[in-house]
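Below is structure.txt, holding compact mmCIF, C-alpha atoms.
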```
# COMPACT_ATOMS: atom_id res chain seq x y z
CA MET A 730 -5.15 110.74 168.85
CA ILE A 731 -5.53 113.35 166.14
CA THR A 732 -2.37 115.00 167.37
CA THR A 733 -0.48 111.71 167.07
CA ARG A 734 -1.65 111.13 163.46
CA GLN A 735 -0.70 114.67 162.53
CA THR A 736 2.72 114.16 164.06
CA GLN A 737 3.24 110.93 162.06
CA GLN A 738 2.14 112.62 158.84
CA THR A 739 4.49 115.50 159.50
CA ARG A 740 7.40 113.13 160.11
CA GLN A 741 6.58 111.20 156.93
CA GLN A 742 6.46 114.37 154.88
CA THR A 743 9.76 115.46 156.37
CA ARG A 744 11.39 112.14 155.41
CA LEU A 745 10.02 112.37 151.85
CA GLN A 746 11.31 115.90 151.49
CA ALA A 747 14.71 114.87 152.82
CA GLN A 748 14.88 111.95 150.37
CA GLN A 749 13.85 114.16 147.46
CA GLN A 750 16.45 116.76 148.43
CA ALA A 751 19.14 114.05 148.69
CA ARG A 752 18.29 112.80 145.22
CA GLN A 753 18.54 116.35 143.84
CA THR A 754 21.90 117.05 145.50
CA LYS A 755 23.45 113.63 144.75
CA PRO A 756 26.50 114.10 142.52
CA PRO A 757 26.04 112.82 138.95
CA GLN A 758 27.60 109.53 137.95
CA PRO A 759 30.81 109.83 135.92
CA THR A 760 30.09 110.05 132.20
CA ARG A 761 32.27 109.28 129.21
CA HIS A 762 33.23 112.95 129.08
CA ALA A 763 34.07 113.00 132.78
CA ARG A 764 36.44 110.06 132.29
CA ALA A 765 38.03 111.64 129.22
CA PRO A 766 41.09 113.24 130.89
CA ARG A 767 42.24 109.90 132.30
CA ARG A 768 42.12 108.10 128.98
CA GLN A 769 43.45 111.16 127.12
CA LEU A 770 46.81 111.60 128.85
CA ASN A 771 45.34 114.30 131.12
CA VAL A 772 44.31 116.41 128.12
CA ALA A 773 40.71 117.51 127.49
CA THR A 774 38.71 119.90 125.35
CA ARG A 775 36.41 122.63 126.66
CA HIS A 776 33.47 120.72 125.19
CA GLN A 777 34.40 117.62 127.19
CA LEU A 778 34.89 119.58 130.41
CA THR A 779 31.59 121.44 130.18
CA ALA A 780 29.78 118.21 129.26
CA ALA A 781 31.24 116.72 132.46
CA GLY A 782 29.75 119.55 134.50
CA VAL A 783 32.75 121.86 134.82
CA PRO A 784 31.52 125.50 134.62
CA ASP A 785 33.10 127.85 132.09
CA GLY A 786 34.21 130.11 134.92
CA THR A 787 36.11 127.28 136.57
CA ILE A 788 37.91 126.47 133.32
CA THR A 789 38.85 130.12 132.90
CA SER A 790 40.09 130.54 136.46
CA ARG A 791 42.11 127.34 136.50
CA THR A 792 43.91 128.18 133.24
CA ARG A 793 45.05 131.62 134.37
CA PRO A 794 48.83 132.14 134.80
CA GLY A 795 49.92 130.18 137.83
CA GLY A 796 46.78 128.04 137.82
CA PRO A 797 46.68 124.24 137.98
CA TRP A 798 45.70 123.84 134.32
CA GLN A 799 47.30 124.97 131.07
CA ARG A 800 45.85 126.02 127.73
CA LEU A 801 47.75 124.08 125.05
CA LEU A 802 45.62 125.08 122.07
CA PRO A 803 42.36 126.94 121.55
CA ARG A 804 39.72 124.98 123.53
CA VAL A 805 42.27 122.29 124.52
CA TYR A 806 43.67 122.10 128.06
CA LEU A 807 46.33 120.17 129.96
CA LEU A 808 44.99 119.30 133.41
CA GLN A 809 48.33 119.40 135.21
CA THR A 810 50.96 121.88 136.29
CA GLY A 811 54.03 120.27 134.70
CA PRO A 812 55.05 120.78 131.07
CA PRO A 813 53.45 118.54 128.43
CA ASP A 814 55.46 115.74 126.85
CA HIS A 815 55.53 114.98 123.12
CA ARG A 816 52.61 112.54 123.41
CA GLN A 817 50.39 115.10 125.12
CA ARG A 818 51.23 117.72 122.50
CA ALA A 819 50.43 115.26 119.72
CA LEU A 820 47.11 114.28 121.31
CA ALA A 821 46.25 117.94 121.87
CA ALA A 822 46.61 118.50 118.12
CA VAL A 823 44.14 115.67 117.43
CA LEU A 824 41.69 116.97 120.06
CA TYR A 825 41.83 120.42 118.52
CA ALA A 826 41.07 119.05 115.05
CA ALA A 827 38.41 116.48 115.98
CA GLU A 828 34.73 117.36 115.70
CA PRO A 829 33.55 118.52 119.16
CA ALA A 830 30.67 116.05 119.50
CA ALA A 831 32.68 113.03 118.29
CA ASP A 832 34.90 110.72 120.30
CA PRO A 833 38.34 112.17 119.47
CA LEU A 834 40.07 108.85 120.15
CA SER A 835 38.03 106.99 117.54
CA GLY A 836 40.08 108.29 114.61
CA ASP A 837 36.86 108.99 112.69
CA THR A 838 37.15 112.78 112.40
CA ALA A 839 40.84 113.52 113.09
CA ALA A 840 44.06 111.51 112.92
CA LEU A 841 47.71 112.43 113.34
CA THR A 842 49.82 111.98 110.21
CA GLY A 843 53.07 113.05 108.58
CA GLY A 844 56.19 113.67 110.63
CA ALA A 845 54.30 113.90 113.93
CA ALA A 846 52.87 110.39 113.48
CA LEU A 847 56.25 108.98 112.40
CA ALA A 848 57.92 110.56 115.43
CA LEU A 849 55.59 108.55 117.69
CA LEU A 850 57.00 105.41 116.03
CA GLY A 851 60.54 106.42 116.93
CA ILE A 852 61.54 108.21 113.72
CA ARG A 853 62.58 111.41 115.47
CA GLU A 854 64.15 113.01 112.41
CA ALA A 855 60.66 113.20 110.89
CA ALA A 856 59.29 115.34 113.73
CA SER A 857 58.14 118.76 112.62
CA VAL A 858 56.06 121.71 113.76
CA PRO A 859 53.23 122.25 113.07
CA ALA A 860 51.86 118.75 113.53
CA ASP A 861 49.85 117.50 110.54
CA VAL A 862 46.34 116.26 111.39
CA LEU A 863 43.95 114.82 108.81
CA ILE A 864 40.32 115.94 108.86
CA ARG A 865 37.53 114.86 106.54
CA ALA A 866 36.94 117.07 103.51
CA PRO A 867 35.09 119.31 102.86
CA ARG A 868 35.33 120.33 106.51
CA ARG A 869 37.66 123.26 107.11
CA LEU A 870 39.50 124.25 110.27
CA THR A 871 41.77 127.17 111.06
CA GLY A 872 45.33 126.11 111.69
CA THR A 873 47.62 127.26 114.49
CA PRO A 874 51.41 127.49 114.83
CA ALA A 875 51.27 124.02 116.42
CA VAL A 876 48.60 122.31 114.26
CA ARG A 877 48.16 122.09 110.49
CA PRO A 878 44.74 120.60 109.60
CA LEU A 879 44.81 118.70 106.29
CA PRO A 880 41.38 118.11 104.71
CA THR A 881 41.30 114.88 102.70
CA SER A 882 38.74 112.93 100.72
CA ARG A 883 40.93 109.78 100.96
CA TRP A 884 40.22 108.94 104.57
CA PRO A 885 42.67 106.20 105.64
CA ARG A 886 42.47 103.31 108.04
CA THR A 887 43.70 104.56 111.38
CA ILE A 888 45.60 102.98 114.24
CA THR A 889 46.32 104.01 117.82
CA VAL A 890 49.94 104.81 118.69
CA CYS A 891 50.70 105.69 122.33
CA GLY A 892 46.99 106.34 122.83
CA ILE A 893 46.81 108.76 119.89
CA PRO A 894 44.73 108.18 116.71
CA SER A 895 47.19 108.11 113.82
CA THR A 896 47.38 107.08 110.21
CA ARG A 897 49.28 103.93 109.34
CA PRO A 898 53.03 104.44 108.77
CA VAL A 899 52.71 104.12 104.99
CA ARG A 900 50.18 106.99 104.82
CA ALA A 901 52.12 109.06 107.37
CA ALA A 902 55.28 108.66 105.27
CA ALA A 903 53.48 109.77 102.10
CA ASP A 904 51.97 112.79 103.87
CA PHE A 905 55.41 113.65 105.25
CA ALA A 906 56.97 113.51 101.79
CA SER A 907 54.23 115.65 100.28
CA ARG A 908 55.03 118.52 102.65
CA THR A 909 58.83 118.31 102.71
CA GLU A 910 60.99 120.14 100.21
CA HIS A 911 64.50 118.93 101.09
CA PRO A 912 65.36 115.85 98.95
CA ASP A 913 67.84 114.36 101.44
CA ARG A 914 65.31 114.57 104.27
CA ILE A 915 62.70 112.83 102.12
CA ARG A 916 65.20 110.12 101.25
CA SER A 917 66.32 109.64 104.83
CA VAL A 918 62.87 109.46 106.43
CA LEU A 919 61.31 107.19 103.77
CA ALA A 920 64.32 104.88 103.99
CA HIS A 921 64.05 104.82 107.78
CA VAL A 922 60.36 103.90 107.61
CA VAL A 923 61.11 100.94 105.34
CA GLN A 924 64.31 99.92 107.15
CA ALA A 925 62.47 99.86 110.49
CA GLY A 926 59.91 97.48 108.98
CA TRP A 927 56.92 99.81 109.26
CA CYS A 928 55.97 99.23 105.61
CA HIS A 929 57.12 97.44 102.47
CA PRO A 930 58.66 99.56 99.68
CA HIS A 931 56.00 98.37 97.22
CA ASP A 932 53.22 99.47 99.59
CA LEU A 933 54.90 102.84 100.05
CA HIS A 934 55.26 103.23 96.30
CA ALA A 935 51.56 102.44 95.83
CA GLU A 936 50.61 105.05 98.45
CA LEU A 937 52.83 107.68 96.83
CA ARG A 938 51.28 106.88 93.48
CA ALA A 939 47.72 107.10 94.86
CA ALA A 940 48.57 110.50 96.32
CA ARG A 941 49.97 111.59 92.92
CA LEU A 942 53.35 112.39 94.42
CA LEU A 943 55.59 110.50 91.99
CA ALA A 944 55.62 113.50 89.67
CA ARG A 945 57.96 115.22 92.13
CA PRO A 946 61.56 114.26 91.23
CA ALA A 947 62.79 113.95 94.82
CA ILE A 948 59.96 111.62 95.82
CA ARG A 949 60.21 109.61 92.62
CA ALA A 950 63.95 109.14 93.17
CA ALA A 951 63.43 108.03 96.78
CA ALA A 952 60.76 105.52 95.72
CA SER A 953 63.06 104.15 93.02
CA GLU A 954 65.91 103.70 95.50
CA LEU A 955 63.72 101.84 97.98
CA LEU A 956 62.46 99.45 95.31
CA ALA A 957 66.08 98.80 94.33
CA GLY A 958 66.92 97.83 97.90
CA VAL A 959 68.48 101.05 99.24
CA ARG A 960 67.71 101.45 102.94
CA SER A 961 69.58 104.55 104.16
CA ILE A 962 70.61 108.03 103.09
CA ALA A 963 74.25 106.89 102.91
CA GLU A 964 73.27 104.06 100.55
CA ALA A 965 71.28 106.54 98.49
CA GLN A 966 74.37 108.73 98.17
CA ALA A 967 76.39 105.68 97.12
CA ARG A 968 73.78 104.92 94.48
CA ASP A 969 74.12 108.49 93.21
CA VAL A 970 77.88 108.03 92.95
CA LEU A 971 77.47 104.80 90.96
CA THR A 972 74.75 106.12 88.66
CA GLY A 973 76.14 107.24 85.34
CA THR A 974 79.34 105.19 85.58
CA ASP A 975 80.18 102.12 83.51
CA LEU A 976 80.35 99.93 86.63
CA PRO A 977 77.94 97.00 86.88
CA THR A 978 74.77 97.57 88.89
CA PRO A 979 75.01 96.00 92.37
CA LEU A 980 72.41 94.40 94.60
CA TRP A 981 71.51 96.53 97.60
CA ASN A 982 71.25 94.90 101.02
CA ALA A 983 71.33 91.38 99.60
CA ARG A 984 71.63 88.62 102.21
CA LEU A 985 74.67 86.42 101.69
CA TYR A 986 74.79 82.75 102.75
CA THR A 987 77.34 79.97 102.69
CA PRO A 988 76.59 76.91 100.52
CA ASP A 989 75.22 75.08 103.58
CA GLY A 990 72.73 77.90 104.28
CA THR A 991 74.57 79.74 107.09
CA PHE A 992 74.00 83.48 107.04
CA LEU A 993 77.16 85.54 106.45
CA ALA A 994 76.23 89.21 106.25
CA SER A 995 74.16 91.76 104.34
CA PRO A 996 76.55 94.27 102.73
CA ASP A 997 75.21 97.63 101.62
CA ALA A 998 76.08 96.92 97.97
CA TYR A 999 77.15 93.62 96.42
CA TRP A 1000 78.29 92.55 92.95
CA PRO A 1001 77.44 88.81 92.86
CA ASP A 1002 79.24 87.95 89.63
CA GLU A 1003 82.51 89.45 90.84
CA GLY A 1004 82.14 88.78 94.57
CA VAL A 1005 82.81 92.40 95.59
CA ALA A 1006 81.05 94.15 98.47
CA LEU A 1007 80.82 97.83 99.44
CA GLU A 1008 80.32 98.57 103.12
CA ILE A 1009 79.35 102.09 104.22
CA ASP A 1010 80.44 102.36 107.84
CA SER A 1011 79.03 105.43 109.58
CA ALA A 1012 80.85 106.64 112.70
CA GLU A 1013 77.44 107.09 114.33
CA TYR A 1014 76.98 103.31 114.47
CA HIS A 1015 80.60 102.21 114.82
CA TYR A 1016 82.14 104.50 117.43
CA THR A 1017 82.03 102.00 120.30
CA ARG A 1018 84.58 99.23 120.70
CA ASP A 1019 81.96 96.47 120.45
CA ALA A 1020 80.40 97.96 117.32
CA TRP A 1021 83.79 98.33 115.66
CA HIS A 1022 84.74 94.74 116.52
CA ALA A 1023 81.43 93.53 115.09
CA THR A 1024 82.20 95.38 111.86
CA LEU A 1025 85.65 93.79 111.64
CA ARG A 1026 84.26 90.31 112.31
CA ARG A 1027 81.64 90.77 109.59
CA ARG A 1028 84.37 91.78 107.17
CA LEU A 1029 86.46 88.75 108.12
CA ARG A 1030 83.49 86.44 107.48
CA LEU A 1031 83.00 87.92 104.03
CA GLU A 1032 86.68 87.77 103.11
CA SER A 1033 86.99 84.17 104.36
CA HIS A 1034 84.50 83.21 101.64
CA GLY A 1035 86.37 84.96 98.86
CA ILE A 1036 84.49 88.27 98.89
CA LEU A 1037 86.53 91.43 98.34
CA VAL A 1038 85.32 94.20 100.67
CA ILE A 1039 85.68 97.95 100.21
CA SER A 1040 84.83 100.13 103.20
CA ALA A 1041 83.94 103.81 103.07
CA THR A 1042 82.23 106.35 105.30
CA PRO A 1043 79.38 108.63 104.22
CA SER A 1044 81.76 111.61 104.33
CA ILE A 1045 84.24 109.85 102.01
CA LEU A 1046 81.45 109.10 99.57
CA ARG A 1047 80.36 112.72 99.73
CA ASP A 1048 83.77 114.43 99.61
CA THR A 1049 85.97 112.08 97.55
CA PRO A 1050 83.68 109.78 95.53
CA THR A 1051 86.33 109.32 92.81
CA GLU A 1052 88.52 107.42 95.29
CA VAL A 1053 85.69 105.02 96.06
CA LEU A 1054 84.97 104.52 92.35
CA ALA A 1055 88.65 103.88 91.62
CA ALA A 1056 88.83 101.22 94.35
CA LEU A 1057 85.65 99.56 93.12
CA ARG A 1058 86.88 99.55 89.53
CA THR A 1059 90.15 97.91 90.57
CA PHE A 1060 88.48 95.25 92.71
CA LEU A 1061 85.87 94.43 90.05
CA THR A 1062 88.64 94.03 87.46
CA LEU A 1063 90.71 91.80 89.74
CA ALA A 1064 87.70 89.69 90.70
CA ALA A 1065 86.86 88.98 87.07
CA THR A 1066 90.21 87.27 86.51
CA ARG A 1067 90.76 85.40 89.78
CA PRO A 1068 90.69 81.60 89.50
CA THR A 1069 88.61 80.92 92.64
CA PRO A 1070 85.13 82.46 92.65
CA PRO A 1071 83.45 83.42 95.94
CA THR A 1072 81.53 80.69 97.73
CA ALA A 1073 78.75 82.96 99.09
CA LEU A 1074 75.24 82.86 97.66
CA ALA A 1075 73.21 86.09 97.39
CA ARG A 1076 69.52 86.17 98.21
CA GLY A 1077 67.08 88.94 98.84
CA HIS A 1078 66.92 92.17 96.93
CA SER A 1079 67.45 92.13 93.21
CA GLN A 1080 67.16 94.99 90.77
CA LEU A 1081 63.45 95.72 90.54
CA SER A 1082 61.78 97.68 87.81
CA LEU A 1083 59.81 100.73 88.90
CA PRO A 1084 56.15 100.33 87.85
CA PHE A 1085 54.61 103.59 86.64
```

Could I get this structure in the form of structure tokens?
Amino acid sequence: MITTRQTQQTRQQTRLQAQQQARQTKPPQPTRHARAPRRQLNVATRHQLTAAGVPDGTITSRTRPGGPWQRLLPRVYLLQTGPPDHRQRALAAVLYAAEPAADPLSGDTAALTGGAALALLGIREAASVPADVLIRAPRRLTGTPAVRPLPTSRWPRTITVCGIPSTRPVRAAADFASRTEHPDRIRSVLAHVVQAGWCHPHDLHAELRAARLLARPAIRAAASELLAGVRSIAEAQARDVLTGTDLPTPLWNARLYTPDGTFLASPDAYWPDEGVALEIDSAEYHYTRDAWHATLRRRLRLESHGILVISATPSILRDTPTEVLAALRTFLTLAATRPTPPTALARGHSQLSLPF
């Protein structure tokens, strides 16, 4: 009987030991850090990997040449063998700049800005290396050839673009302009941001003013053009050609309607009193047969309502601006004396004063 009780006690102790051992060897439940690579485009920091239970030695061995992982930036890894795409590179820049203990996707400690953020929105001409990433001042962080940390005391509202914490387009555009020296590139990118509808020219002007960037002539000129209605680099060049002449000031990108309210077209420049329009037709957007036919039909609609149309390409404006001015001067003179005025009505952009 004693032997039986001892046997039962032994079996019970064995079961308890087995249960305790099972609890100790049971794999941990996935944590937020363990799930990070999936929600971070397969990119993770060393801090996140070690917090998920990955040993330092494993990280080192897997990121050796020929290994399954890649080191994109100091302490930032791509957990795949293929090359990173532009989104993964952009997110890696944010992960590098974010505070290690913070959620890097929150946008609280690091956010993509400048040309890198605009490129995510489809403005490829704004893309640049290194990628600009905002961090909160007075925190400092060493930059790399791929990342330029920008400490700021004006922390913006952030948004998520393609899974990447970014500044809003208006702030990204201002940060891009602040770090770009070429005037034409500033003009082109800021015009593209407004033309694509990512921000209103008045909001962009306010952001540039808050960042104290309007003292720079190139940025001030671009802001002035956008408030006047200019929406492309070609239109900006046309405005340069017209500035300083005795020709009347046109409306830029005004929307023209028939008397019954039917939309006609939106010429690049329009003189409403004379009924003269200037169209800048770039080969980039008119090289296909359908695009060229659409351009001709738009011109026919304008001319059928008494509007005189002058067409020019950006290269003509750049290389022989006097020919464009001579044609405009002739048409404006003829229009002033013709007996039948144009029937189109102009709405939209008017000449706006620049508030300083």

Q.
Measuring between only C-alpha atoms, which one of A:Arg818, A:Arg804, A:Arg1028, A:His1022 shows the shortest distance to Ile893 of chain A?
A.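 When distances to Ile893 of chain A are compared using only C-alpha atoms, the smallest one comes from A:Arg818.
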
Restrict the calculation to all atoms listed in the file, then for each residue of segment 964-1064 of chain A with any atom at most 12 Å from an atom of segment 914-930 of chain A give the closest atom pair and their distance in Å to one decimal, rows by chain and rising residue number, as a Markdown table.
```
| residue | atom | partner | partner_atom | distance |
| --- | --- | --- | --- | --- |
| A:Glu964 | CA | A:Ala920 | CA | 9.6 |
| A:Ala965 | CA | A:Arg916 | CA | 7.6 |
| A:Gln966 | CA | A:Arg916 | CA | 9.8 |
| A:Asn982 | CA | A:Gln924 | CA | 10.5 |
```

Q: Work out how far apart atom CA of Leu841 of chain A and atom CA of Val862 of chain A are and give it in Å to one decimal.
A: 4.5 Å

Q. Which residues, written as a list in words, have at least one atom at most 7 Å from Leu824 of chain A, with all atoms listed in the file counted and residues fewer than 6 positions away on the same chain left out?
A. Thr774, Val805 and Pro833 of chain A

Take every atom of segment 889-892 of chain A listed in the file, fit an axis-aligned box around them, add 4 Å per side, and give the centre and edge lengths in Å to one decimal as lines of an AutoDock Vina configuration file.
```
center_x = 48.5
center_y = 105.2
center_z = 120.3
size_x = 12.4
size_y = 10.3
size_z = 13.0
```

Q | Nearest residue to Arg984 of chain A from the set A:Ala1006, A:Ala821, A:Ala773, A:Ala901 (distances using all atoms listed in the file) | A | A:Ala1006

Q.
At a cut-off of 12 Å, using all atoms listed in the file, what residues contact Thr1062 of chain A? Leave out same-chain residues fewer than 3 positions from it and give the result as an MDAnalysis selection string.
A. chainID A and resid 976:977 1000 1002:1005 1037 1055:1059 1065:1067

Q) Which distance in Å separates atom CA of Pro912 of chain A and atom CA of His931 of chain A, to one decimal? A)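 Calculated distance between atom CA of Pro912 of chain A and atom CA of His931 of chain A is 19.9 Å.
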
Q. Restricting the calculation to all atoms listed in the file, which member of A:Phe905, A:Trp981, A:Trp884, A:Tyr986 is positioned closest to Ala860 of chain A?
A. A:Phe905

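The interatomic distance for the pair atom CA of Leu778 of chain A and atom CA of Ser835 of chain A works out to 18.3 Å.
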
Q) Pick from A:Arg941, A:Pro1001, A:Asp969, A:Leu863: nearest to Ser953 of chain A, with only C-alpha atoms counted? A)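 Selected residue with least distance to Ser953 of chain A: A:Asp969.
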
Q: Find, counting all atoms listed in the file, the residue in A:Thr810, A:Leu801, A:Val890, A:Arg908 that gets nearest to Ser857 of chain A.
A: A:Arg908

Q. Of the candidates A:Val1053, A:Leu849, A:Ala998, A:Leu933, which shows the shortest atom-to-atom distance to Gly958 of chain A, using only C-alpha atoms?
A.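 Checking each of A:Val1053, A:Leu849, A:Ala998, A:Leu933 against Gly958 of chain A, counting only C-alpha atoms, the winner is A:Ala998.
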
Q.
Quick one: residues within 8 Å of Ala1073 of chain A, only C-alpha atoms, excluding same-chain residues fewer than 2 positions away - as a ChimeraX atom specification?
A. /A:985-988,993,1034-1036,1071,1075

Q: Tell me which protein, DNA and RNA residues are within 10 Å of Cys891 of chain A, counting only C-alpha atoms, leaving out same-chain ones fewer than 5 positions away, and put them as a PyMOL selection string.
A: chain A and resi 770+816-817+819-820+849-850
